[in-house]
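Shown below: input.cif, with mmCIF, C-alpha atoms.
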```cif
data_start
#
loop_
_atom_site.group_PDB
_atom_site.id
_atom_site.type_symbol
_atom_site.label_atom_id
_atom_site.label_comp_id
_atom_site.auth_asym_id
_atom_site.auth_seq_id
_atom_site.Cartn_x
_atom_site.Cartn_y
_atom_site.Cartn_z
ATOM 1 C CA MET A 1 0.000 0.000 0.000
ATOM 2 C CA GLU A 2 1.284 3.454 -0.868
ATOM 3 C CA LEU A 3 -0.111 5.648 1.919
ATOM 4 C CA SER A 4 -1.614 5.267 5.408
ATOM 5 C CA VAL A 5 -3.210 8.167 7.270
ATOM 6 C CA ILE A 6 -3.520 7.653 11.037
ATOM 7 C CA SER A 7 -5.632 9.880 13.252
ATOM 8 C CA PRO A 8 -6.059 9.325 17.016
ATOM 9 C CA VAL A 9 -9.643 10.158 17.941
ATOM 10 C CA TYR A 10 -10.649 11.732 21.237
ATOM 11 C CA GLY A 11 -13.258 14.363 22.015
ATOM 12 C CA ALA A 12 -14.192 15.513 18.487
ATOM 13 C CA PRO A 13 -17.175 13.460 17.291
ATOM 14 C CA THR A 14 -18.738 16.230 15.213
ATOM 15 C CA LEU A 15 -15.555 16.626 13.144
ATOM 16 C CA LEU A 16 -14.983 13.007 12.138
ATOM 17 C CA ARG A 17 -17.004 12.911 8.922
ATOM 18 C CA GLU A 18 -15.479 16.176 7.734
ATOM 19 C CA LEU A 19 -12.021 14.863 8.683
ATOM 20 C CA VAL A 20 -12.469 11.769 6.504
ATOM 21 C CA ARG A 21 -13.939 13.814 3.652
ATOM 22 C CA GLN A 22 -11.002 16.227 3.601
ATOM 23 C CA ILE A 23 -8.431 13.427 3.858
ATOM 24 C CA GLU A 24 -10.023 11.576 0.936
ATOM 25 C CA GLU A 25 -10.320 14.738 -1.130
ATOM 26 C CA THR A 26 -6.564 15.297 -0.794
ATOM 27 C CA VAL A 27 -5.203 11.742 -0.876
ATOM 28 C CA ASP A 28 -7.334 10.683 -3.885
ATOM 29 C CA LYS A 29 -5.239 13.094 -5.965
ATOM 30 C CA LEU A 30 -1.989 11.496 -4.767
ATOM 31 C CA THR A 31 -2.766 7.781 -4.986
ATOM 32 C CA ALA A 32 -5.691 5.361 -5.163
ATOM 33 C CA ASP A 33 -3.837 2.924 -2.898
ATOM 34 C CA TYR A 34 -4.353 4.273 0.610
ATOM 35 C CA GLU A 35 -6.052 3.636 3.943
ATOM 36 C CA ILE A 36 -7.401 5.884 6.691
ATOM 37 C CA ILE A 37 -7.017 4.502 10.208
ATOM 38 C CA LEU A 38 -9.102 6.127 12.950
ATOM 39 C CA VAL A 39 -7.884 5.006 16.384
ATOM 40 C CA GLU A 40 -10.648 5.714 18.904
ATOM 41 C CA ASP A 41 -8.956 6.193 22.306
ATOM 42 C CA HIS A 42 -12.066 5.400 24.390
ATOM 43 C CA SER A 43 -13.506 8.887 23.943
ATOM 44 C CA PRO A 44 -16.376 9.721 26.356
ATOM 45 C CA ASP A 45 -18.867 10.519 23.578
ATOM 46 C CA ASN A 46 -20.402 8.869 20.518
ATOM 47 C CA SER A 47 -17.173 8.775 18.477
ATOM 48 C CA ARG A 48 -17.269 4.974 18.352
ATOM 49 C CA GLU A 49 -20.739 4.905 16.807
ATOM 50 C CA ILE A 50 -19.790 7.528 14.224
ATOM 51 C CA ILE A 51 -16.599 5.681 13.241
ATOM 52 C CA THR A 52 -18.568 2.431 12.968
ATOM 53 C CA ASP A 53 -21.026 4.097 10.570
ATOM 54 C CA ILE A 54 -18.192 5.608 8.511
ATOM 55 C CA CYS A 55 -16.482 2.216 8.236
ATOM 56 C CA ARG A 56 -19.710 0.607 7.017
ATOM 57 C CA GLU A 57 -20.022 3.233 4.306
ATOM 58 C CA ASN A 58 -16.363 3.423 3.301
ATOM 59 C CA LYS A 59 -14.047 0.403 3.213
ATOM 60 C CA LYS A 60 -10.953 2.569 2.899
ATOM 61 C CA VAL A 61 -11.600 3.784 6.452
ATOM 62 C CA LYS A 62 -10.485 1.397 9.176
ATOM 63 C CA GLY A 63 -11.632 1.692 12.770
ATOM 64 C CA VAL A 64 -9.585 0.727 15.825
ATOM 65 C CA PHE A 65 -11.220 0.888 19.244
ATOM 66 C CA LEU A 66 -8.991 0.730 22.312
ATOM 67 C CA SER A 67 -10.247 -0.981 25.471
ATOM 68 C CA ARG A 68 -9.699 2.150 27.570
ATOM 69 C CA ASN A 69 -8.109 5.579 27.313
ATOM 70 C CA PHE A 70 -4.386 4.922 26.840
ATOM 71 C CA GLY A 71 -3.404 8.382 25.587
ATOM 72 C CA GLN A 72 -2.509 9.919 22.239
ATOM 73 C CA GLN A 73 0.973 8.408 21.970
ATOM 74 C CA TYR A 74 -0.343 4.885 22.488
ATOM 75 C CA ALA A 75 -3.184 5.432 20.038
ATOM 76 C CA LEU A 76 -0.515 6.395 17.506
ATOM 77 C CA ASN A 77 1.397 3.259 18.479
ATOM 78 C CA ALA A 78 -1.644 1.122 17.642
ATOM 79 C CA GLY A 79 -2.052 2.905 14.320
ATOM 80 C CA PHE A 80 1.610 2.434 13.427
ATOM 81 C CA ASP A 81 1.469 -1.280 14.230
ATOM 82 C CA LEU A 82 -1.589 -1.814 12.031
ATOM 83 C CA SER A 83 -0.635 0.458 9.136
ATOM 84 C CA GLN A 84 0.511 -0.987 5.806
ATOM 85 C CA GLY A 85 1.545 2.071 3.811
ATOM 86 C CA ASP A 86 5.012 2.754 2.433
ATOM 87 C CA TYR A 87 4.371 6.283 3.701
ATOM 88 C CA VAL A 88 2.503 6.926 6.964
ATOM 89 C CA VAL A 89 0.885 10.253 7.851
ATOM 90 C CA THR A 90 -0.124 11.115 11.421
ATOM 91 C CA LEU A 91 -2.793 13.761 11.891
ATOM 92 C CA ASP A 92 -4.883 14.990 14.821
ATOM 93 C CA CYS A 93 -8.644 14.671 14.472
ATOM 94 C CA ASP A 94 -9.501 18.287 15.399
ATOM 95 C CA LEU A 95 -8.851 19.700 11.878
ATOM 96 C CA GLN A 96 -6.583 22.439 13.226
ATOM 97 C CA ASN A 97 -3.980 21.172 10.774
ATOM 98 C CA PRO A 98 -5.849 20.942 7.450
ATOM 99 C CA PRO A 99 -5.663 17.530 5.724
ATOM 100 C CA SER A 100 -5.217 19.358 2.412
ATOM 101 C CA GLN A 101 -1.593 19.888 3.383
ATOM 102 C CA ILE A 102 -0.895 16.150 3.437
ATOM 103 C CA LYS A 103 0.019 16.813 -0.210
ATOM 104 C CA ASP A 104 2.869 19.130 0.872
ATOM 105 C CA LEU A 105 4.261 16.546 3.301
ATOM 106 C CA TYR A 106 4.010 13.749 0.721
ATOM 107 C CA GLU A 107 5.746 15.742 -2.027
ATOM 108 C CA LYS A 108 8.537 16.747 0.364
ATOM 109 C CA ALA A 109 9.025 13.106 1.406
ATOM 110 C CA LYS A 110 9.240 12.148 -2.275
ATOM 111 C CA GLU A 111 12.308 14.401 -2.523
ATOM 112 C CA GLY A 112 14.189 11.849 -0.418
ATOM 113 C CA TYR A 113 13.305 12.723 3.169
ATOM 114 C CA ASP A 114 12.509 9.903 5.596
ATOM 115 C CA ILE A 115 10.522 12.068 8.047
ATOM 116 C CA VAL A 116 8.828 15.336 7.175
ATOM 117 C CA PHE A 117 7.371 17.429 9.992
ATOM 118 C CA ALA A 118 4.684 20.075 9.681
ATOM 119 C CA SER A 119 5.697 23.378 11.242
ATOM 120 C CA ARG A 120 2.576 25.191 12.434
ATOM 121 C CA GLN A 121 2.319 28.881 11.513
ATOM 122 C CA ASN A 122 0.001 31.603 12.857
ATOM 123 C CA ARG A 123 -1.305 29.499 15.722
ATOM 124 C CA PRO A 124 -4.665 30.851 16.984
ATOM 125 C CA ASP A 125 -4.215 29.446 20.522
ATOM 126 C CA ASN A 126 -4.877 31.642 23.541
ATOM 127 C CA PHE A 127 -2.174 33.070 25.813
ATOM 128 C CA PHE A 128 -2.156 30.118 28.215
ATOM 129 C CA MET A 129 -2.035 27.478 25.472
ATOM 130 C CA THR A 130 0.758 29.283 23.616
ATOM 131 C CA HIS A 131 2.964 29.865 26.649
ATOM 132 C CA GLY A 132 2.035 26.487 28.131
ATOM 133 C CA SER A 133 3.243 24.787 24.956
ATOM 134 C CA ARG A 134 6.445 26.832 25.012
ATOM 135 C CA LEU A 135 7.076 25.941 28.677
ATOM 136 C CA PHE A 136 6.356 22.256 28.005
ATOM 137 C CA ASN A 137 8.831 22.083 25.132
ATOM 138 C CA LYS A 138 11.552 23.962 27.011
ATOM 139 C CA LEU A 139 11.119 21.674 30.021
ATOM 140 C CA MET A 140 11.124 18.580 27.805
ATOM 141 C CA GLY A 141 14.202 19.752 25.933
ATOM 142 C CA PHE A 142 16.082 20.566 29.146
ATOM 143 C CA LEU A 143 15.284 17.264 30.855
ATOM 144 C CA THR A 144 16.106 15.127 27.804
ATOM 145 C CA ASP A 145 18.994 17.117 26.273
ATOM 146 C CA THR A 146 17.151 17.383 22.954
ATOM 147 C CA GLN A 147 15.947 20.182 20.705
ATOM 148 C CA GLN A 148 12.174 20.527 20.959
ATOM 149 C CA ASP A 149 10.464 22.728 18.372
ATOM 150 C CA GLU A 150 7.189 24.097 19.709
ATOM 151 C CA SER A 151 5.868 24.660 16.178
ATOM 152 C CA LEU A 152 5.845 20.882 15.548
ATOM 153 C CA ALA A 153 3.056 18.546 16.624
ATOM 154 C CA GLU A 154 1.821 15.130 15.463
ATOM 155 C CA PHE A 155 1.248 16.209 11.855
ATOM 156 C CA ALA A 156 4.051 14.427 9.981
ATOM 157 C CA ILE A 157 4.839 11.813 7.353
ATOM 158 C CA TYR A 158 7.165 8.828 7.829
ATOM 159 C CA ARG A 159 8.696 6.327 5.445
ATOM 160 C CA ARG A 160 8.036 2.690 6.338
ATOM 161 C CA LYS A 161 11.632 2.109 7.444
ATOM 162 C CA VAL A 162 11.225 4.777 10.144
ATOM 163 C CA ILE A 163 8.043 3.121 11.430
ATOM 164 C CA ASP A 164 9.855 -0.228 11.532
ATOM 165 C CA ALA A 165 12.809 1.315 13.380
ATOM 166 C CA MET A 166 10.607 2.890 16.057
ATOM 167 C CA ALA A 167 8.755 -0.424 16.437
ATOM 168 C CA GLN A 168 12.067 -2.024 17.420
ATOM 169 C CA MET A 169 12.305 0.268 20.450
ATOM 170 C CA GLY A 170 10.963 -1.814 23.308
ATOM 171 C CA ASP A 171 10.069 1.101 25.576
ATOM 172 C CA PHE A 172 6.811 0.735 27.488
ATOM 173 C CA ARG A 173 6.423 4.523 27.595
ATOM 174 C CA ARG A 174 6.032 6.044 24.164
ATOM 175 C CA TYR A 175 6.697 9.624 23.100
ATOM 176 C CA TYR A 176 7.206 9.846 19.355
ATOM 177 C CA PRO A 177 8.703 13.385 19.172
ATOM 178 C CA LEU A 178 11.681 11.924 21.067
ATOM 179 C CA MET A 179 11.623 8.474 19.487
ATOM 180 C CA ASN A 180 11.822 9.831 15.948
ATOM 181 C CA GLN A 181 14.850 11.896 16.977
ATOM 182 C CA TRP A 182 16.546 8.865 18.514
ATOM 183 C CA VAL A 183 16.189 6.634 15.430
ATOM 184 C CA GLY A 184 17.720 9.331 13.231
ATOM 185 C CA PHE A 185 17.154 9.330 9.441
ATOM 186 C CA LYS A 186 16.906 12.295 7.105
ATOM 187 C CA THR A 187 14.320 14.835 8.232
ATOM 188 C CA GLY A 188 12.653 17.762 6.529
ATOM 189 C CA LYS A 189 10.035 20.366 7.402
ATOM 190 C CA VAL A 190 7.229 22.165 5.633
ATOM 191 C CA PHE A 191 5.190 25.110 6.875
ATOM 192 C CA VAL A 192 1.473 24.530 7.383
ATOM 193 C CA ASN A 193 -1.495 26.552 8.563
ATOM 194 C CA HIS A 194 -2.889 26.046 12.048
ATOM 195 C CA ASN A 195 -6.610 26.761 12.214
ATOM 196 C CA GLU A 196 -9.046 27.260 15.051
ATOM 197 C CA ARG A 197 -11.246 24.352 16.096
ATOM 198 C CA THR A 198 -14.643 24.639 14.489
ATOM 199 C CA ASP A 199 -16.487 22.602 17.130
ATOM 200 C CA GLY A 200 -15.889 25.193 19.862
ATOM 201 C CA LYS A 201 -13.997 22.789 22.126
ATOM 202 C CA GLU A 202 -10.561 23.255 23.635
ATOM 203 C CA SER A 203 -7.667 20.825 23.617
ATOM 204 C CA SER A 204 -7.857 18.068 26.230
ATOM 205 C CA TYR A 205 -4.143 18.640 26.971
ATOM 206 C CA SER A 206 -4.272 20.744 30.136
ATOM 207 C CA MET A 207 -1.171 22.279 31.722
ATOM 208 C CA ARG A 208 -1.208 19.582 34.405
ATOM 209 C CA LYS A 209 -1.251 16.846 31.746
ATOM 210 C CA ARG A 210 1.568 18.533 29.868
ATOM 211 C CA ILE A 211 3.766 18.753 32.973
ATOM 212 C CA ASN A 212 3.019 15.140 33.924
ATOM 213 C CA LEU A 213 3.861 14.048 30.382
ATOM 214 C CA ALA A 214 7.121 16.030 30.426
ATOM 215 C CA VAL A 215 8.241 14.518 33.745
ATOM 216 C CA SER A 216 7.275 10.912 32.934
ATOM 217 C CA THR A 217 8.784 11.123 29.446
ATOM 218 C CA ALA A 218 12.001 12.714 30.714
ATOM 219 C CA VAL A 219 12.428 9.913 33.248
ATOM 220 C CA ALA A 220 11.704 7.251 30.621
ATOM 221 C CA PHE A 221 14.059 8.653 27.956
ATOM 222 C CA SER A 222 16.870 10.288 29.928
ATOM 223 C CA THR A 223 18.989 9.977 33.089
ATOM 224 C CA LYS A 224 19.523 13.718 33.327
ATOM 225 C CA SER A 225 17.367 13.983 36.467
ATOM 226 C CA LEU A 226 19.793 11.641 38.241
ATOM 227 C CA GLN A 227 22.699 13.757 37.013
ATOM 228 C CA LEU A 228 20.974 16.870 38.370
ATOM 229 C CA ILE A 229 20.745 15.166 41.770
ATOM 230 C CA ALA A 230 24.509 14.642 41.751
ATOM 231 C CA TYR A 231 25.094 18.298 40.822
ATOM 232 C CA PHE A 232 22.641 19.432 43.473
ATOM 233 C CA GLY A 233 24.337 17.276 46.105
ATOM 234 C CA PHE A 234 27.713 18.772 45.188
ATOM 235 C CA ILE A 235 26.361 22.325 45.483
ATOM 236 C CA VAL A 236 24.748 21.605 48.856
ATOM 237 C CA THR A 237 27.978 20.060 50.136
ATOM 238 C CA LEU A 238 29.943 23.102 48.955
ATOM 239 C CA MET A 239 27.451 25.435 50.667
ATOM 240 C CA ALA A 240 27.716 23.424 53.879
ATOM 241 C CA ILE A 241 31.532 23.690 53.818
ATOM 242 C CA ILE A 242 31.354 27.450 53.239
ATOM 243 C CA ALA A 243 28.810 27.837 56.077
ATOM 244 C CA ALA A 244 30.980 25.759 58.408
ATOM 245 C CA ILE A 245 34.040 27.905 57.635
ATOM 246 C CA ALA A 246 31.972 31.051 58.218
ATOM 247 C CA LEU A 247 30.823 29.768 61.623
ATOM 248 C CA VAL A 248 34.392 28.879 62.624
ATOM 249 C CA VAL A 249 35.621 32.353 61.629
ATOM 250 C CA LYS A 250 32.731 34.022 63.431
ATOM 251 C CA THR A 251 33.242 32.013 66.615
ATOM 252 C CA MET A 252 37.027 31.698 66.933
ATOM 253 C CA ILE A 253 38.339 34.815 65.217
ATOM 254 C CA MET A 254 35.559 37.375 65.645
ATOM 255 C CA ASP A 255 34.671 35.940 69.067
ATOM 256 C CA GLU A 256 30.899 36.106 68.467
ATOM 257 C CA GLU A 257 28.381 33.643 69.900
ATOM 258 C CA VAL A 258 26.217 31.632 67.498
ATOM 259 C CA SER A 259 22.849 30.267 68.617
ATOM 260 C CA GLY A 260 23.061 26.481 68.285
ATOM 261 C CA TRP A 261 19.402 25.553 68.152
ATOM 262 C CA ILE A 262 18.617 27.801 65.172
ATOM 263 C CA THR A 263 21.493 26.346 63.155
ATOM 264 C CA LEU A 264 20.479 22.813 64.080
ATOM 265 C CA PHE A 265 16.788 23.383 63.274
ATOM 266 C CA VAL A 266 17.397 24.951 59.852
ATOM 267 C CA SER A 267 20.072 22.468 58.795
ATOM 268 C CA THR A 268 17.959 19.475 59.877
ATOM 269 C CA TRP A 269 14.927 20.533 57.843
ATOM 270 C CA PHE A 270 17.090 21.574 54.916
ATOM 271 C CA ILE A 271 18.794 18.191 54.769
ATOM 272 C CA ALA A 272 15.462 16.397 55.236
ATOM 273 C CA GLY A 273 13.981 18.286 52.284
ATOM 274 C CA ILE A 274 16.952 17.393 50.109
ATOM 275 C CA MET A 275 16.735 13.716 51.034
ATOM 276 C CA ILE A 276 12.990 13.546 50.358
ATOM 277 C CA THR A 277 13.480 15.200 46.956
ATOM 278 C CA ILE A 278 16.285 12.807 46.035
ATOM 279 C CA MET A 279 14.304 9.760 47.141
ATOM 280 C CA GLY A 280 11.265 11.017 45.228
ATOM 281 C CA ILE A 281 13.197 11.292 41.946
ATOM 282 C CA ILE A 282 14.785 7.884 42.464
ATOM 283 C CA ALA A 283 11.338 6.464 43.241
ATOM 284 C CA VAL A 284 10.041 7.742 39.891
ATOM 285 C CA TYR A 285 12.865 5.918 38.103
ATOM 286 C CA ILE A 286 12.182 2.749 40.074
ATOM 287 C CA GLY A 287 8.510 3.040 39.142
ATOM 288 C CA ASN A 288 9.449 3.264 35.470
ATOM 289 C CA ILE A 289 11.697 0.220 35.815
ATOM 290 C CA PHE A 290 8.759 -1.593 37.438
ATOM 291 C CA ASP A 291 6.525 -0.712 34.472
ATOM 292 C CA GLU A 292 9.165 -1.857 31.976
ATOM 293 C CA VAL A 293 9.946 -5.248 33.558
ATOM 294 C CA LYS A 294 6.266 -6.193 33.685
ATOM 295 C CA ARG A 295 6.298 -6.171 29.855
ATOM 296 C CA ARG A 296 2.653 -5.213 29.593
ATOM 297 C CA PRO A 297 1.366 -4.158 26.171
ATOM 298 C CA SER A 298 1.342 -0.439 25.412
ATOM 299 C CA TYR A 299 -2.320 -0.671 24.370
ATOM 300 C CA ILE A 300 -5.156 -3.191 24.107
ATOM 301 C CA ILE A 301 -7.548 -3.282 21.152
ATOM 302 C CA ASP A 302 -11.216 -3.940 21.849
ATOM 303 C CA GLU A 303 -12.357 -4.113 18.215
ATOM 304 C CA LYS A 304 -11.116 -3.536 14.666
ATOM 305 C CA LEU A 305 -13.228 -2.720 11.604
ATOM 306 C CA ASN A 306 -12.388 -3.181 7.905
ATOM 307 C CA PHE A 307 -9.094 -4.972 8.560
ATOM 308 C CA GLU A 308 -8.470 -8.206 6.681
#
```
Could you write out this structure as structure tokens?
Amino acid sequence: MELSVISPVYGAPTLLRELVRQIEETVDKLTADYEIILVEDHSPDNSREIITDICRENKKVKGVFLSRNFGQQYALNAGFDLSQGDYVVTLDCDLQNPPSQIKDLYEKAKEGYDIVFASRQNRPDNFFMTHGSRLFNKLMGFLTDTQQDESLAEFAIYRRKVIDAMAQMGDFRRYYPLMNQWVGFKTGKVFVNHNERTDGKESSYSMRKRINLAVSTAVAFSTKSLQLIAYFGFIVTLMAIIAAIALVVKTMIMDEEVSGWITLFVSTWFIAGIMITIMGIIAVYIGNIFDEVKRRPSYIIDEKLNFE
């Protein structure tokens, strides 16, 4: 098959028919050999019923229904595993990135690029979404020692060899903006429009979810947090040595009395706070190791439609 278009579905039931229509309108001009895979991530609405109806009417549309809400990255994982195309497009279901620009990604990939990302221009997001996204990407980049471009999202096209390479990564936790950097290959970028949602809803990615995703992903893909602990411990030790020297000078040379209980109280709580922080970070890593060694599947499929 020439082309697969994967769209994780959550919280946009009124947009699904228009999404499929626009994808078909664009892809029909590129190739007749394609599939559209809608991965329904247990959305709390009637998305499943709508996808079922679409699949009955159109055999090029394939429905995948997950057994519970696993999250966008795992819905993409399911789509990747089931896709058959030599080229695979990933696209959100909210129509903020217009499917008409799949053509631009496909033509750029045909120039010899293995991954082509869509760089979003003129984003209509509000102040909190814009700065929240910027904070998320800076935090993610800092914790993982990678370059994170806030203009990029899940709108991209991959050659089959990239999909196969990412499938070889046995990580339980999945975050494709980092995974596609790790596997390498030749990457390109095209500029695309970023429209407002027409259904009046806001993104389900709240600031709390973004921060949780950044922390869990950073722990899963990098040991930098452990390195920061070592640096922090060195700084605290250096501060303690400086404070001890200052107390010795103040007591023995300047002949001034120092209240013992205040020093003891502050130092005890300070050290306790440091130890709790260190143990908390180590506990997060141990928790991730626990998740990995259990070897549970990244997602579970409840039902598939229109697959052979």
Checklist outcome for this item: Between CA of Ile289 (chain A) and CA of Gly79 (chain A) lies a distance of 25.7 Å
Next on the checklist: Could you check the closest approach to Ala12 (chain A) for each of A:Leu66, A:Cys93, A:Ile50, A:Leu305 and tell me which residue wins, using only C-alpha atoms?
Outcome noted: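 Once distances to Ala12 (chain A) are computed over only C-alpha atoms, the minimum belongs to A:Cys93.
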Item to check | Ground truth for the PyMOL selection byres ((chain A and resi 84) around 12), written as JSON, numbers by chain | outcome: {"A": [1, 2, 3, 4, 5, 6, 33, 34, 35, 36, 37, 62, 79, 80, 81, 82, 83, 85, 86, 87, 88, 89, 159, 160, 161, 163, 164, 307, 308]}
Checklist entry - Given the file above and the PyMOL selection byres ((chain A and resi 154) around 9), which residues are selected, and can you give them as a VMD selection string? => result chain A and resid 90 to 92 117 to 118 152 to 153 155 to 156 176 to 177
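Here the PyMOL selection byres ((chain A and resi 106) around 10) catches exactly these residues: Leu3, Val27, Leu30, Tyr87, Val88, Val89, Gln101, Ile102, Lys103, Asp104, Leu105, Glu107, Lys108, Ala109, Lys110, Glu111, Tyr113, Ile115, Val116, Ala156, Ile157, Tyr158 and Arg159 of chain A.
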Item to check | Neighbour list for Pro98 (chain A) as number ranges by chain, cut-off 9 Å, all atoms listed in the file, skip fewer than 4 positions in-chain | outcome: A: 19, 22-23, 91, 102, 192-195
Mind giving me the axis-aligned box for region 16-27 of chain A with 5 Å on every side, centre plus edges in Å to one decimal, as AutoDock Vina command-line options?
```
--center_x -11.1 --center_y 13.9 --center_z 5.5 --size_x 21.8 --size_y 14.7 --size_z 23.3
```
Next on the checklist: Could you check the closest approach to Gln72 (chain A) for each of A:Ile51, A:Met279, A:Ile271, A:Val9 and tell me which residue wins, using all atoms listed in the file?
Outcome noted: A:Val9
Item to check | Between CA of Ile281 (chain A) and CA of Ile242 (chain A) - distance in Å to one decimal | outcome: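 Interatomic distance here is 26.8 Å.
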Next on the checklist: Would you compute the distance between CA of Arg17 (chain A) and CA of Val190 (chain A)? Give it in Å to one decimal.
Outcome noted: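 Answer for the CA of Arg17 (chain A) to CA of Val190 (chain A) separation: 26.1 Å.
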Next on the checklist: Which residue is closest to Phe65 (chain A)? Choose from A:Gly170, A:Gly184, A:Pro13, A:Pro8 and count only C-alpha atoms.
Outcome noted: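 Of all the options, A:Pro8 lies closest to Phe65 (chain A).
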